[in-house]
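Novice: Below are the structure tokens for one structure; questions will follow.
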Amino acid sequence: MASVLVGAARRCVPVRISRLSGCSVLVKQIHVSQPTRRAVEDSDLLSIPHEPAKYSNARERKFNELLQFVRDRTGRVKVVKAGQVRITAWLRLFQFASKAEHLEAVAELFPQWRASGKSFTQLDTEMFVRRCEELDCPLLGLKVFGDHPKYGLALSSFPAARTLLHSLYQKYPLENVIAAVSLFGLNNLSPVTKDPASCAMLYAACLRSKNKHASLLGRDIRIALQELLRDTEPYSEPKEKKIRAQHSVKPDLWLLEALRDMKKTKSDQGRGSWWITEWIASGEGRVLPPLPERRYQARGGKNVQEESVTSASRSAAQQSYA
């Protein structure tokens, strides 16, 4: 009976394999030796130590193992000579990261990768920015891209720069938004005023800001945005989740989002937004009343009522004089 229990215990307790074997690296040089088995007594079945879990889930375990693997094998002086870090390791780290602290730990390894004489790809840039937005840490992206000599990750993609701008313009001060906009020129990207979504997000940030210089910048951005909207065919917002989830559709969604943001801010400030309203309505296939009538309606119909009262009074006066 004891031999049967021993055999069952051996089958249920898996043999531990080195964590390096689960990473996408070349580890053929590493020899993983199997642990020596010893005779198991019946009393040992009740005294098998239970190793406490270090990580809350498998995803976090994979992240920490791969992070340590990359840390030990990058830099001028590598801690571990065996094994090679593939370029795809960065994409896997971005995907495994489940909180802002994870992404910060990954960014700390960027200088080591640069010191190894390696460079990042455009896909690395776009994935890093996307994860910064998803994990709500866009300031990390702003710090990394703002210090290229240290981190070596260039904002080499216009979609990535636009995503960085989107992650900042609603929740952060105008100063952070302007810092992101300045990276467009530093990385030889197309100007913000050439892209409707980016221009709209910048103008929305200017409208919301209480900075004394925001109105001056906003005036120039508004003129550029109005010209862009005149050259852009209005469209309606897609409702299907599959379509909205596509990254190619994001700029269209962000433009509409920024326009509605501007319209609300202008309304709260008591300012008109007729050109925004007309562009959105045109995309939705709605026909708006003439602008003077809309202005009267926005004021509660006061002007229309006053005009009708004045006309009635004049006609009454004419009849009495007649």
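Naming works like this for the structure tokens: A, B, ... for the chains as they're shown, residue 1 at the start of each chain, ligands 1 onward in shown order.
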List as an MDAnalysis selection string the protein and nucleic acid residues near A:Ile223, meaning an atom at most 12 Å away when only C-alpha atoms are counted, but skip any in the same chain fewer than 6 places from it.

Specialist: chainID A and resid 193:194 196 199:200 203 216:217 229:230 275

Novice: Please write the residues from the selection above to a file, keeping C-alpha atoms, as a tab-separated table (two decimals), in the first residue's frame.

Specialist:
chain	number	residue	atom	x	y	z
A	193	THR	CA	-1.60	71.12	-37.22
A	194	LYS	CA	-1.57	68.70	-40.17
A	196	PRO	CA	-7.27	66.67	-37.49
A	199	CYS	CA	-4.96	69.33	-33.66
A	200	ALA	CA	-8.39	68.89	-32.05
A	203	TYR	CA	-7.15	72.79	-28.99
A	216	LEU	CA	-3.03	82.78	-27.46
A	217	LEU	CA	-1.97	79.31	-28.48
A	229	LEU	CA	-12.26	70.30	-40.83
A	230	ARG	CA	-13.14	72.10	-44.06
A	275	TRP	CA	-18.68	75.30	-36.58

Novice: Near A:Pro251, counting only C-alpha atoms, which residues have an atom at most 9 Å away, once you skip same-chain residues fewer than 3 positions from it, shown as a ChimeraX atom specification?

Specialist: /A:159,162-163,196-198,247-248,254-256

Novice: Quick one: of A:Phe184, A:Tyr55, A:Phe110, A:Trp274, who's nearest to A:Ala160, counting only C-alpha atoms?

Specialist: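 Of the candidates, the smallest distance to A:Ala160 is held by A:Phe184.
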
Novice: If DSSP is run on the backbone, what residues of stretch 38-237 of chain A are helix (DSSP H, G or I)? A reply as a ChimeraX atom specification would be ideal.

Specialist: /A:42-46,58-72,89-96,100-107,110-115,122-134,138-145,148-151,158-168,174-186,192-194,196-208,214-230

Novice: With only C-alpha atoms as the atoms that count, which of A:Gly185, A:Ala224, A:Arg59, A:Lys266 lies nearest to A:Arg208?

Specialist: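 Using only C-alpha atoms, the shortest distance to A:Arg208 belongs to A:Lys266.
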
Novice: Report, in Å with one decimal, the straight-line distance from atom CA of A:Gly152 to atom CA of A:Arg114.

Specialist: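 Going from atom CA of A:Gly152 over to atom CA of A:Arg114, I get 6.0 Å.
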
Novice: Between atom CA of A:Leu168 and atom CA of A:Leu67, what is the spacing in Å?

Specialist: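 Separation between atom CA of A:Leu67 and atom CA of A:Leu168: 27.5 Å.
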